[in-house]
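> Pasting a structure below so you can have a look.
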Amino acid sequence: MRISLLAGAAAGCAAVLFFQPLAVGAVADPAPTRRTSAGDGSVTTLPLGHTEHGFTPRATRPFSLLGVSWDDPRGSLDGGSVRVRTRNIATGAWSDWRSLDVDGEDAPDERDGRGGARGASAPLWTGPSDGVAIEVTPGPRGLPSGLRAELVDPGRGATAAPNVPRTLAAGASPGRRADHEAPRPGIVTRAGWGADESLRDPGFVYTGPVRAVFVHHTATATDYSCSDAPQMIRAIYQYHVQSNGWRDIGYNFLVDRCGTIYEGRAGGVDQPVFGAHTLGFNTDSSGVAALGTFTSDSPEQALVDGVSKIAAWKLGLTGQDADGTTNLTSGSSQSRYPKGTVVSFDTVSGHRDAFSTDCPGAGLYGRLGDIRSWAAHLQGR
């Protein structure tokens with residue numbers, strides 16, 4: 001692959017990064033990028049530098065997910081935009097221009113305990129690709145420092161040890177059941193989707209009892225095959241850890257368009273694992289992400305059912321009514337509410353209820369009432 005880079009330094013200019021295949025017999029730059037491995041996958045990092053002259057040949061590798069990141073996790077591209085096109089590895093065809101969500105609202109709170117976190121766009125699932133064009137238009141504050149493209153190859157996934165379960169079957173939870181505890185749904189474990197456990201921080205961080213579930217969308221492709229969901233999750237995991245600098249994947253659970261539920265952040269599906277999904281309100285909550293983008297698309301009923309099942313069970317473990325309300329305290333003034341503010345939320349809320357964002361998209365947000373009702377029914381209420 002050859003990469004051509006032309007970036008405008010002045011605010012209002014676009015920084016354009018363009019990748020094309022190398023001509024037959026061409027020699028690639030031997031060390032143009034930073035590459036980190038994840039099992040048999042990798043993340044290739046390409047600086048989007050400030051230069052006003054020429055084009056620089058670079059080499060890269062195939063990828064299936066991409067994003068743009070920058071140094072300051074609290075900085076952003078406010079008022080700016082990022083557009084991308086990608087080249088299909090099988091057909092050689094280029095996609096239309098697509099916009100990345102650059103809000104950067106998914107982030108660890110201070111309690112997450114990992115240094116070196118970066119700001120980042122939402123990732124975009126592209127499928128197997130070998131070329132990309134990235135256009136970054138700065139906002140009024142210009143481009144954030146350390147701007148770079150992140151190209152993720154999810155690989156085939158880590159091989160689980162023989163005694164590690166790949167799926168937790170549906171059924172009753174072990175031990176004494178809480179009042180109105182819903183049945184545990186089937187959950188694909190981290191081993192089941194091929195997580196490379198060497199990537200994440202080795203320890204776990206826990207919060208208080210889960211009193212709310214925040215529903216997200218991953219802002220990735222919607223028209224994917226459900227058989228691709230494990231590699232999509234591996235790519236998001238790699239992006240969150242290796243590109244964003246988080247301790248683990250940010251979401252506690254993920255649900256694909258076929259309604260399959262996946263374990264997210266490690267630490268135990270029945271435990272109150274502290275996530276990085278809703279800045280300011282990661283304490284005493286759990287984050288459930290729908291794989292896809294539902295800004296204009298409507299979620300399939302199977303996905304709605306999957307979100308309902310995991311919300312019902314997770315909230316039922318602590319006796320929370322899935323169709324009720326609860327109070328949470330803001331941990332960050334970068335949320336919708338100043339730090340220390342006590343806020344009343346529906347126990348099943350959308351990300352936008354806690355942060356200025358469109359997430360989980362109008363299509364999915366409009367189904368939250370149905371999710372609450374069905375989840376409460378599953379709890380026997």
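Just remember, in the structure tokens the first chain shown is A, the second B, etc., residues are 1-based per chain, and ligands are 1-based in the order shown.
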So that I can check the surroundings of A:Asp358, please list as a compact mmCIF listing (two decimals) with C-alpha atoms, in the first residue's frame every protein, DNA and RNA residue that reaches within 12 Å of it, counting only C-alpha atoms and ignoring chain neighbours fewer than 3 positions away.

```
# COMPACT_ATOMS: atom_id res chain seq x y z
CA ASP A 101 -18.69 10.45 15.25
CA VAL A 102 -16.07 12.69 16.88
CA ASP A 103 -17.96 13.56 20.09
CA GLY A 104 -15.55 11.45 22.15
CA GLU A 105 -18.11 10.97 24.92
CA VAL A 215 -27.99 1.73 26.28
CA HIS A 216 -25.52 2.67 23.53
CA HIS A 217 -24.91 1.98 19.89
CA THR A 218 -21.39 1.32 18.67
CA ALA A 219 -21.76 3.67 15.65
CA THR A 293 -25.69 2.68 14.05
CA PHE A 294 -29.29 3.60 14.72
CA THR A 295 -29.32 7.29 13.92
CA SER A 296 -31.75 6.68 11.07
CA GLY A 350 -30.04 6.03 26.74
CA HIS A 351 -26.52 7.40 26.62
CA ARG A 352 -27.97 10.75 25.52
CA ASP A 353 -29.78 11.04 28.84
CA ALA A 354 -26.41 11.45 30.58
CA PHE A 355 -24.27 13.12 27.90
CA GLY A 361 -29.48 6.97 17.85
CA ALA A 362 -33.09 8.03 17.38
CA GLY A 363 -34.11 4.60 16.09
CA LEU A 364 -32.95 2.71 19.18
CA TYR A 365 -33.74 5.48 21.65
CA GLY A 366 -37.33 5.36 20.45
```
> I want to know what sits within 8 Å of stretch 267-275 of chain A, based on only C-alpha atoms, with residues of the same chain fewer than 5 positions away left out; could you give that as a count of residues only?
20
> Ranking A:Asn244, A:Ala195, A:Pro138, A:Thr220 by minimum distance to A:Trp70 and counting only C-alpha atoms, which one comes first?
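Smallest separation from A:Trp70 among the options: A:Asn244.
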> Give me, as number ranges by chain, all polymer residues having an atom no more than 12 Å from A:Asn163, counting only C-alpha atoms and skipping those fewer than 4 positions away in the same chain.
A: 159, 167, 191
> Could the residues in this selection be saved with N, CA and C atoms as a PDB file, in the first residue's frame?

```
ATOM      1  N   THR A 159      -7.151 -18.200  21.135  1.00  0.00           N
ATOM      2  CA  THR A 159      -7.676 -19.542  21.393  1.00  0.00           C
ATOM      3  C   THR A 159      -7.849 -19.734  22.889  1.00  0.00           C
ATOM      4  N   THR A 167     -19.646 -20.067  26.093  1.00  0.00           N
ATOM      5  CA  THR A 167     -20.995 -19.513  26.223  1.00  0.00           C
ATOM      6  C   THR A 167     -21.548 -19.884  27.587  1.00  0.00           C
ATOM      7  N   ALA A 191     -14.034 -15.536  25.997  1.00  0.00           N
ATOM      8  CA  ALA A 191     -13.369 -16.628  25.275  1.00  0.00           C
ATOM      9  C   ALA A 191     -14.130 -16.960  23.997  1.00  0.00           C
TER      10      ALA A 191
END
```
> Find, counting only C-alpha atoms, the residue in A:Asp256, A:Asp179, A:Glu300, A:Asp78 that gets nearest to A:Ser227.
A:Asp256
> To test your reading of the structure, identify every residue in stretch 66-244 of chain A that backbone DSSP assigns to alpha helix (DSSP H), and report it as a ChimeraX atom specification.
/A:229-238
> Hey, what's within 8 Å of A:Leu151 if we count only C-alpha atoms and toss same-chain stuff fewer than 3 positions away? As a list in words, please?
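Residues near the query, excluding close chain neighbours: Val43, Thr44, Thr45, Phe63, Ser64, Leu65, Leu66 and Gly67 of chain A.
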